Each structure stands twice: as structure tokens, then as C-alpha cells.
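Here is the structure we will look at.
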Amino acid sequence: LIRDIKARQSLLRETLIDEDEAFEKDFIGQSDIQDGVIKIAASICQHLNFNRATYREMQSSEDAFKYLRSISEKVGIFIVLAGNLGSHHTNIDTKTFRGFVIADNIAPFIVINDLDSKAAWSFTLLHEVAHLWLGQTGVSGAFVENKVEKFCNDIASEILLPQKEIECFTPNKSDFDILTREISNFAQTRNISSKLVSYRLFRQGYIRKKVWDNLDSFFYNQWIINRGKQKSINTGKKGGPNYFIVRRHKLGKALVAVTERMTYSGALTLTKAGFLLGVKSINVKKLFDSSRSI
């Protein structure tokens with residue numbers, strides 16, 4: 001998957017350069033760890049024009065992600081959803097990767113594992129954006145014990161759930177059932193994942209690591225159960241979403257738009273456009289048409 005995305009990103013980068021559209025992104029590598037979490041989080045919010053109130057007002061965590069993805073694409077970041085190589089037979093577990101980033105100053109790419117819960121997509125996106133600010137290309141896992149990964153986690157956490165706010169949240173930690181329920185309710189009203197809230201509680205020292213580990217396992221298992229139920233519901237439904245609309249959603253508006261423009265200008269052949277979009281060349285224009293119909 002990484003090789004595939006790197007090849008597609010490289011083609012896009014070369015095309016932008018050839019067509020004199022290679023505008024450097026000044027935010028790539030503009031910060032380092034010494035700047036601290038608060039300063040970098042504030043810089044990201046300002047550059048993306050991120051409004052936390054607007055994010056939380058969205059009807060669902062998926063809508064909140066769409067808002068965050070849109071403002072990120074506006075500053076030139078390409079954001080792709082991909083958890084396999086085009087078939088469920090090649091699904092990549094979220095424990096292997098939640099996302100990865102190519103910190104290129106011309107065509108920065110972020111890939112989010114869409115097999116993860118939708119409530120976690122926004123956090124992963126901001127985690128990868130933090131990597132862009134640090135100028136680091138790499139694969140990100142699930143809260144791994146790595147200094148830079150922890151740092152990027154803390155930046156994403158600060159943007160979605162500021163330290164001042166989590167300090168005021170004191171759920172009942174003497175009863176595990178009540179604790180999970182209060183965390184879930186707190187998370188849902190903010191369009192964030194319960195795992196993020198429990199992580200924040202752990203990082204501020206409100207709960208011990210053993211409790212956090214138990215919460216992490218609990219919320220992961222709950223997600224697995226709910227995903228199974230949703231699959232059963234979808235299996236019973238007739239038909240399904242249009243393939244090209246789903247594909248466009250995974251690719252993101254920014255990548256589809258620039259590929260369409262470059263194709264019709266003659267800068268990209270249908271074969272190269274198909275490679276960029278991950279579809280057969282004969283289906284490229286169908287994908288463009290589905291994009292306009294949304």
C-alpha cells in the first residue's frame with residue numbers, strides 16, 4: 001500500500017511541476033518538538049482555519065471528519081482513505097497502521113485506514129498533519145511508545161480536546177461500567193472517539209495505565225461488535241452505493257479535482273489518470289462524471 005501511494009504521489013508531484021503548479025507548502029517542516037504541543041497545535045488550527053465549535057456542531061463524527069478534511073485539502077494536503085489494495089482480501093488491520101504521511105512540500109499526502117472507526121478518522125488526520133508540521137514521513141500506529149508518535153498524539157489531542165477542557169472532566173473511576181458510559185457520552189457530544197478521551201485522561205494522570213489499557217480494549221471490542229452488527233444490516237439491504245461515488249469519497253475532492261483538470265488539459269493520459277485514481281483507464285471519465293453529480 002505504501003509503495004502504491006508513493007508511486008501515485010510521485011506522479012502527481014511530477015505533473016504539478018511540469019504544469020507550473022508546484023506551489024511549495026511553507027508549513028511542511030516549519031516546526032520541531034522544541035516548539036511544544038500548544039504552540040504547534042495553535043499553528044495548525046490557524047493555518048487550517050479550524051473552528052472547534054463548527055467541528056462539534058456537525059451531526060456525526062463522519063460529518064465532522066468531512067469538515068476537517070475539507071479545510072485540510074484547501075491548504076494543499078491530499079487525503080486518501082485506504083485500508084487495503086482494492087479488495088477485502090487485502091485488508092490491513094488498524095493495529096498495523098492507522099495512517100501514514102508523505103511530508104512532501106509540493107504534494108503532501110495523508111492516508112487514513114478507513115477500516116478504523118469513523119470516530120477515529122479525525123484524530124488520525126490531525127496526527128498526520130502534525131507529522132507534516134515536523135516534516136516527517138512515516139507510518140503511524142495506535143498510540144505506540146515512541147517519542148515523536150506520542151508528541152503527534154498530544155498535538156491532535158490538544159486540537160480536538162484541549163487540556164483545559166479535559167482537566168474539568170472527572171468521570172467516576174471507581175466503577176468501570178459508569179466510567180465507560182460517562183466517557184462515551186462525553187466523546188459523542190464532541191464528535192471524537194472514546195479512546196481519545198480515555199487517552200487524554202491517562203496522559204493527564206487521572207487514570208492509571210492499567211485502567212487505560214482496559215478502557216482501550218473495551219472500546220475496541222465495542223467497535224468490533226458494532227461493526228459486525230452494521231455489516232449484518234448492510235448485508236440485508238438490496239443494492240448499495242454507487243462504486244464511483246464511493247471511490248471518489250475515498251480519494252478525496254482535492255485529488256479527483258486536480259486529476260480531472262490535468263486530464264482534460266492533456267497533462268495526464270487516461271492511463272496515468274487511472275493510475276492516480278486507482279481505477280481502469282476506461283472508468284476515469286465515469287468517475288469524473290460521478291463527482292459532478294454529487
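Please note that chains go A, B, ... in the order of the C-alpha cells, that every chain numbers its residues from 1, and that ligands are numbered from 1 in the order shown.
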Using DSSP on the backbone, list every residue of stretch 41-253 of chain A that comes out as strand (DSSP E), and give them as a short mmCIF file (atom, residue, chain, number, x, y, z; two decimals) with C-alpha atoms, in the first residue's frame.
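Wrote it out as out_38.cif, contents follow:
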data_model
loop_
_atom_site.label_atom_id
_atom_site.label_comp_id
_atom_site.auth_asym_id
_atom_site.auth_seq_id
_atom_site.Cartn_x
_atom_site.Cartn_y
_atom_site.Cartn_z
CA PHE A 78 -4.21 15.34 -0.35
CA ILE A 79 -6.12 12.99 1.96
CA VAL A 80 -6.91 9.44 0.87
CA LEU A 81 -8.92 6.76 2.67
CA GLY A 99 -2.40 6.23 8.89
CA PHE A 100 0.75 7.32 7.12
CA VAL A 101 2.02 10.54 5.66
CA ILE A 102 4.33 11.70 2.88
CA PHE A 109 -0.20 13.03 1.10
CA ILE A 110 -2.04 11.61 4.09
CA VAL A 111 -3.54 8.12 4.04
CA ILE A 112 -6.07 7.09 6.68
CA GLY A 138 6.22 7.76 8.15
CA VAL A 139 3.65 5.21 9.29
CA SER A 140 1.63 5.77 12.44
#
Write out as a list in words each polymer residue whose atoms come within 12 Å of A:Ile17, counting only C-alpha atoms; drop sequence neighbours fewer than 4 positions from it.
->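 Once the adjacent positions are removed, what remains is Ser10, Leu11, Leu12, Arg13, Glu21, Ala22, Phe23, Glu24, Asn105, Ile106, Ala107, Met262 and Ala267 of chain A.
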Please produce a file of the residues just selected, as a PDB file, in the first residue's frame, where the atoms kept are N, CA, C and O atoms.
ATOM      1  N   SER A  10       4.198  10.476  -6.377  1.00  0.00           N
ATOM      2  CA  SER A  10       5.334  10.900  -7.199  1.00  0.00           C
ATOM      3  C   SER A  10       4.864  11.365  -8.582  1.00  0.00           C
ATOM      4  O   SER A  10       5.340  12.385  -9.104  1.00  0.00           O
ATOM      5  N   LEU A  11       3.911  10.629  -9.161  1.00  0.00           N
ATOM      6  CA  LEU A  11       3.366  11.009 -10.466  1.00  0.00           C
ATOM      7  C   LEU A  11       2.659  12.359 -10.375  1.00  0.00           C
ATOM      8  O   LEU A  11       2.834  13.227 -11.245  1.00  0.00           O
ATOM      9  N   LEU A  12       1.874  12.550  -9.321  1.00  0.00           N
ATOM     10  CA  LEU A  12       1.166  13.812  -9.140  1.00  0.00           C
ATOM     11  C   LEU A  12       2.157  14.956  -8.959  1.00  0.00           C
ATOM     12  O   LEU A  12       2.001  16.030  -9.550  1.00  0.00           O
ATOM     13  N   ARG A  13       3.177  14.730  -8.175  1.00  0.00           N
ATOM     14  CA  ARG A  13       4.190  15.758  -7.928  1.00  0.00           C
ATOM     15  C   ARG A  13       4.875  16.180  -9.231  1.00  0.00           C
ATOM     16  O   ARG A  13       5.019  17.375  -9.513  1.00  0.00           O
ATOM     17  N   GLU A  21       2.495  24.201 -11.550  1.00  0.00           N
ATOM     18  CA  GLU A  21       1.548  24.315 -10.431  1.00  0.00           C
ATOM     19  C   GLU A  21       2.165  23.785  -9.143  1.00  0.00           C
ATOM     20  O   GLU A  21       1.454  23.450  -8.194  1.00  0.00           O
ATOM     21  N   ALA A  22       3.490  23.759  -9.108  1.00  0.00           N
ATOM     22  CA  ALA A  22       4.189  23.212  -7.945  1.00  0.00           C
ATOM     23  C   ALA A  22       4.422  24.303  -6.910  1.00  0.00           C
ATOM     24  O   ALA A  22       5.510  24.858  -6.784  1.00  0.00           O
ATOM     25  N   PHE A  23       3.374  24.623  -6.168  1.00  0.00           N
ATOM     26  CA  PHE A  23       3.474  25.651  -5.135  1.00  0.00           C
ATOM     27  C   PHE A  23       3.916  25.017  -3.821  1.00  0.00           C
ATOM     28  O   PHE A  23       3.251  24.125  -3.303  1.00  0.00           O
ATOM     29  N   GLU A  24       5.033  25.492  -3.290  1.00  0.00           N
ATOM     30  CA  GLU A  24       5.561  24.899  -2.070  1.00  0.00           C
ATOM     31  C   GLU A  24       4.685  25.232  -0.869  1.00  0.00           C
ATOM     32  O   GLU A  24       4.179  26.346  -0.736  1.00  0.00           O
ATOM     33  N   ASN A 105       6.812  18.820   0.153  1.00  0.00           N
ATOM     34  CA  ASN A 105       6.412  20.237   0.182  1.00  0.00           C
ATOM     35  C   ASN A 105       5.627  20.669  -1.059  1.00  0.00           C
ATOM     36  O   ASN A 105       5.141  21.795  -1.115  1.00  0.00           O
ATOM     37  N   ILE A 106       5.509  19.771  -2.042  1.00  0.00           N
ATOM     38  CA  ILE A 106       4.723  20.076  -3.241  1.00  0.00           C
ATOM     39  C   ILE A 106       3.362  19.372  -3.194  1.00  0.00           C
ATOM     40  O   ILE A 106       2.323  19.990  -3.429  1.00  0.00           O
ATOM     41  N   ALA A 107       3.387  18.093  -2.911  1.00  0.00           N
ATOM     42  CA  ALA A 107       2.151  17.300  -2.879  1.00  0.00           C
ATOM     43  C   ALA A 107       2.116  16.430  -1.631  1.00  0.00           C
ATOM     44  O   ALA A 107       2.303  15.210  -1.704  1.00  0.00           O
ATOM     45  N   MET A 262      -6.003  18.048 -14.905  1.00  0.00           N
ATOM     46  CA  MET A 262      -4.802  17.677 -15.641  1.00  0.00           C
ATOM     47  C   MET A 262      -5.117  16.738 -16.805  1.00  0.00           C
ATOM     48  O   MET A 262      -4.445  16.765 -17.837  1.00  0.00           O
ATOM     49  N   ALA A 267      -2.330  17.083 -19.751  1.00  0.00           N
ATOM     50  CA  ALA A 267      -1.112  16.839 -18.982  1.00  0.00           C
ATOM     51  C   ALA A 267      -1.027  15.383 -18.526  1.00  0.00           C
ATOM     52  O   ALA A 267       0.069  14.854 -18.297  1.00  0.00           O
TER      53      ALA A 267
END
Go through A:Arg56, A:Arg8, A:Lys195, A:Asn84 one by one, measure the shortest atom-to-atom distance of each to A:Gly274 using only C-alpha atoms, and give the residue with the smallest value.
-> A:Arg8
Excluding stretch 61-76 of chain A and residues on its chain fewer than 5 positions from it, collect all residues at most 7 Å away from it, counting only C-alpha atoms, and give them as JSON, numbers by chain.
-> {"A": [48, 55, 56, 118, 119, 121, 122, 191, 192, 254]}
Selection export as an mmCIF file, in the first residue's frame, atoms kept: N, CA, C and O atoms:
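Produced file again-v6.cif, reproduced below:
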data_model
loop_
_atom_site.group_PDB
_atom_site.id
_atom_site.type_symbol
_atom_site.label_atom_id
_atom_site.label_comp_id
_atom_site.auth_asym_id
_atom_site.auth_seq_id
_atom_site.Cartn_x
_atom_site.Cartn_y
_atom_site.Cartn_z
ATOM 1 N N LEU A 48 -5.056 26.002 9.172
ATOM 2 C CA LEU A 48 -6.188 25.292 8.573
ATOM 3 C C LEU A 48 -7.490 26.077 8.706
ATOM 4 O O LEU A 48 -8.491 25.722 8.093
ATOM 5 N N TYR A 55 -16.710 22.188 14.162
ATOM 6 C CA TYR A 55 -16.435 20.748 14.124
ATOM 7 C C TYR A 55 -17.424 19.985 15.001
ATOM 8 O O TYR A 55 -17.988 18.971 14.592
ATOM 9 N N ARG A 56 -17.647 20.483 16.201
ATOM 10 C CA ARG A 56 -18.513 19.780 17.153
ATOM 11 C C ARG A 56 -19.998 19.911 16.817
ATOM 12 O O ARG A 56 -20.807 19.103 17.268
ATOM 13 N N LYS A 118 -14.959 5.415 12.286
ATOM 14 C CA LYS A 118 -15.082 6.757 11.717
ATOM 15 C C LYS A 118 -14.821 7.839 12.754
ATOM 16 O O LYS A 118 -14.347 8.926 12.425
ATOM 17 N N ALA A 119 -15.115 7.520 14.006
ATOM 18 C CA ALA A 119 -14.881 8.477 15.086
ATOM 19 C C ALA A 119 -13.392 8.748 15.286
ATOM 20 O O ALA A 119 -13.015 9.772 15.869
ATOM 21 N N TRP A 121 -11.125 8.804 12.670
ATOM 22 C CA TRP A 121 -10.501 9.355 11.462
ATOM 23 C C TRP A 121 -9.951 10.771 11.678
ATOM 24 O O TRP A 121 -8.859 11.094 11.209
ATOM 25 N N SER A 122 -10.702 11.606 12.354
ATOM 26 C CA SER A 122 -10.271 12.996 12.550
ATOM 27 C C SER A 122 -8.982 13.060 13.361
ATOM 28 O O SER A 122 -8.081 13.842 13.053
ATOM 29 N N ASN A 191 -17.935 14.784 18.953
ATOM 30 C CA ASN A 191 -17.552 14.128 17.692
ATOM 31 C C ASN A 191 -16.119 13.598 17.718
ATOM 32 O O ASN A 191 -15.374 13.698 16.739
ATOM 33 N N ILE A 192 -15.747 13.041 18.861
ATOM 34 C CA ILE A 192 -14.426 12.422 18.986
ATOM 35 C C ILE A 192 -14.613 10.994 19.485
ATOM 36 O O ILE A 192 -15.710 10.606 19.890
ATOM 37 N N ALA A 254 -9.913 16.868 -3.484
ATOM 38 C CA ALA A 254 -8.704 17.535 -3.983
ATOM 39 C C ALA A 254 -8.002 16.699 -5.049
ATOM 40 O O ALA A 254 -7.633 17.211 -6.113
#
Which stretch 204-289 of chain A residues have any atom within 9 Å of an atom of stretch 164-178 of chain A, and for each, what is the nearest pair of atoms with distance in Å to one decimal, counting only C-alpha atoms, rows sorted by chain and number, as a tab-separated table?
residue	atom	partner	partner_atom	distance
A:Gln204	CA	A:Glu167	CA	7.7
A:Tyr206	CA	A:Thr170	CA	8.0
A:Ile207	CA	A:Lys173	CA	7.5
A:Val211	CA	A:Phe176	CA	8.7
A:Leu215	CA	A:Phe176	CA	8.5
Of the candidates A:Ala187, A:Ile44, A:Leu1, A:Leu276, which shows the shortest atom-to-atom distance to A:Leu85, using only C-alpha atoms?
->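 Among the listed residues, A:Leu1 lies closest to A:Leu85.
Taking atom CA of A:Thr180 as the reference point, atom CA of A:Ala41 is found at 27.6 Å.
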Return the single residue from A:Leu161, A:Gln59, A:Gly86, A:Leu115 that is closest to A:Arg98, with distances computed using only C-alpha atoms.
->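 That would be A:Leu115, the residue with the smallest distance to A:Arg98.
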Hey, what does DSSP flag as alpha helix (DSSP H) within stretch 31-258 of chain A? Can you give it to me as a compact mmCIF listing (two decimals) with C-alpha atoms, in the first residue's frame?
# COMPACT_ATOMS: atom_id res chain seq x y z
CA VAL A 37 2.47 20.88 21.82
CA ILE A 38 0.48 24.07 22.50
CA LYS A 39 2.37 26.22 20.01
CA ILE A 40 2.24 23.69 17.17
CA ALA A 41 -1.43 22.91 17.81
CA ALA A 42 -2.23 26.63 17.64
CA SER A 43 -0.22 26.96 14.41
CA ILE A 44 -2.12 24.08 12.79
CA CYS A 45 -5.50 25.49 13.84
CA GLN A 46 -4.61 28.91 12.49
CA HIS A 47 -3.24 27.63 9.19
CA LEU A 48 -6.19 25.29 8.57
CA ARG A 52 -13.63 23.62 17.06
CA ALA A 53 -17.21 24.79 17.60
CA THR A 54 -18.04 24.19 13.93
CA TYR A 55 -16.44 20.75 14.12
CA ARG A 56 -18.51 19.78 17.15
CA GLU A 57 -21.74 21.11 15.67
CA SER A 61 -18.26 12.13 13.60
CA GLU A 62 -18.18 11.35 9.86
CA ASP A 63 -19.54 14.81 9.02
CA ALA A 64 -17.01 16.32 11.42
CA PHE A 65 -14.25 14.47 9.56
CA LYS A 66 -15.55 15.78 6.23
CA TYR A 67 -15.27 19.31 7.58
CA LEU A 68 -11.72 18.71 8.80
CA ARG A 69 -10.75 17.01 5.55
CA SER A 70 -12.17 19.90 3.51
CA ILE A 71 -10.21 22.61 5.31
CA SER A 72 -7.05 20.48 5.12
CA GLU A 73 -7.44 19.97 1.38
CA LYS A 74 -7.84 23.73 0.91
CA LYS A 118 -15.08 6.76 11.72
CA ALA A 119 -14.88 8.48 15.09
CA ALA A 120 -11.10 7.97 14.98
CA TRP A 121 -10.50 9.35 11.46
CA SER A 122 -10.27 13.00 12.55
CA PHE A 123 -7.71 12.21 15.21
CA THR A 124 -5.60 10.24 12.74
CA LEU A 125 -5.82 13.06 10.21
CA LEU A 126 -4.60 15.63 12.74
CA HIS A 127 -1.89 13.25 13.96
CA GLU A 128 -0.57 13.01 10.40
CA VAL A 129 -0.89 16.78 9.92
CA ALA A 130 1.34 17.15 12.99
CA HIS A 131 3.90 14.96 11.20
CA LEU A 132 3.73 17.38 8.25
CA TRP A 133 4.46 20.31 10.56
CA LEU A 134 7.50 18.35 11.78
CA LYS A 147 8.51 9.91 21.48
CA VAL A 148 7.52 11.51 18.17
CA GLU A 149 4.32 9.46 17.93
CA LYS A 150 3.33 10.50 21.45
CA PHE A 151 4.11 14.09 20.58
CA CYS A 152 1.90 13.99 17.48
CA ASN A 153 -0.83 12.27 19.50
CA ASP A 154 -0.69 15.08 22.04
CA ILE A 155 -0.95 17.72 19.30
CA ALA A 156 -4.00 16.05 17.74
CA SER A 157 -5.50 15.63 21.21
CA GLU A 158 -4.95 19.28 22.09
CA ILE A 159 -6.71 20.41 18.91
CA LEU A 160 -9.76 18.19 19.39
CA GLN A 163 -6.02 20.29 28.09
CA LYS A 164 -8.11 22.88 29.95
CA GLU A 165 -11.28 21.06 28.94
CA ILE A 166 -10.17 17.54 29.84
CA GLU A 167 -8.97 18.79 33.23
CA PHE A 176 -15.73 0.68 35.34
CA ASP A 177 -19.21 0.48 33.79
CA ILE A 178 -20.04 4.03 34.84
CA LEU A 179 -16.61 5.21 33.70
CA THR A 180 -17.06 3.78 30.18
CA ARG A 181 -20.56 5.23 29.92
CA GLU A 182 -19.50 8.71 31.02
CA ILE A 183 -16.53 8.68 28.64
CA SER A 184 -18.73 7.58 25.73
CA ASN A 185 -21.28 10.33 26.39
CA PHE A 186 -18.53 12.93 26.74
CA ALA A 187 -16.96 11.82 23.44
CA GLN A 188 -20.20 11.69 21.43
CA SER A 194 -14.00 7.37 23.37
CA LYS A 195 -10.45 6.05 23.00
CA LEU A 196 -9.18 9.60 22.60
CA VAL A 197 -10.92 10.71 25.79
CA SER A 198 -9.51 7.79 27.76
CA TYR A 199 -6.05 8.53 26.33
CA ARG A 200 -6.32 12.13 27.47
CA LEU A 201 -7.39 11.05 30.95
CA PHE A 202 -4.36 8.77 31.10
CA ARG A 203 -1.94 11.41 29.83
CA LYS A 209 -2.10 2.86 32.70
CA LYS A 210 -3.82 -0.41 33.63
CA VAL A 211 -7.21 1.34 33.59
CA TRP A 212 -6.38 2.98 30.27
CA ASP A 213 -5.38 -0.38 28.81
CA ASN A 214 -8.68 -1.86 29.99
CA LEU A 215 -10.62 1.06 28.52
CA ASP A 216 -8.73 0.78 25.26
CA SER A 217 -9.60 -2.92 24.99
CA PHE A 218 -13.21 -2.30 25.98
CA PHE A 219 -13.83 0.41 23.39
CA TYR A 220 -12.02 -1.59 20.71
CA ASN A 221 -14.20 -4.64 21.40
CA GLN A 222 -17.33 -2.48 21.40
CA TRP A 223 -16.35 -1.11 18.00
CA ILE A 224 -15.79 -4.64 16.65
CA ILE A 225 -19.24 -5.70 17.89
CA ASN A 226 -20.96 -2.61 16.44
CA ARG A 227 -19.13 -3.04 13.13
CA GLY A 228 -20.36 -6.62 12.94
CA LYS A 229 -23.93 -5.52 13.58
CA GLN A 230 -23.66 -2.84 10.88
CA LYS A 231 -22.33 -5.38 8.39
CA SER A 232 -25.31 -7.61 9.10
CA ILE A 233 -27.69 -4.72 8.48
CA ASN A 234 -25.94 -3.77 5.23
CA THR A 235 -25.94 -7.38 4.05
CA TYR A 243 -18.95 2.37 -6.95
CA PHE A 244 -17.66 5.63 -8.40
CA ILE A 245 -19.18 7.76 -5.63
CA VAL A 246 -17.55 5.51 -3.04
CA ARG A 247 -14.27 5.68 -4.92
CA ARG A 248 -14.43 9.46 -5.11
CA HIS A 249 -15.10 9.64 -1.38
CA LYS A 250 -12.02 7.53 -0.67
CA LEU A 251 -9.83 9.62 -2.97
CA LYS A 253 -12.19 16.01 -3.67
CA ALA A 254 -8.70 17.54 -3.98
CA LEU A 255 -7.11 14.55 -5.72
CA VAL A 256 -10.10 13.98 -8.02
CA ALA A 257 -10.25 17.67 -8.96
CA VAL A 258 -6.57 18.06 -9.84
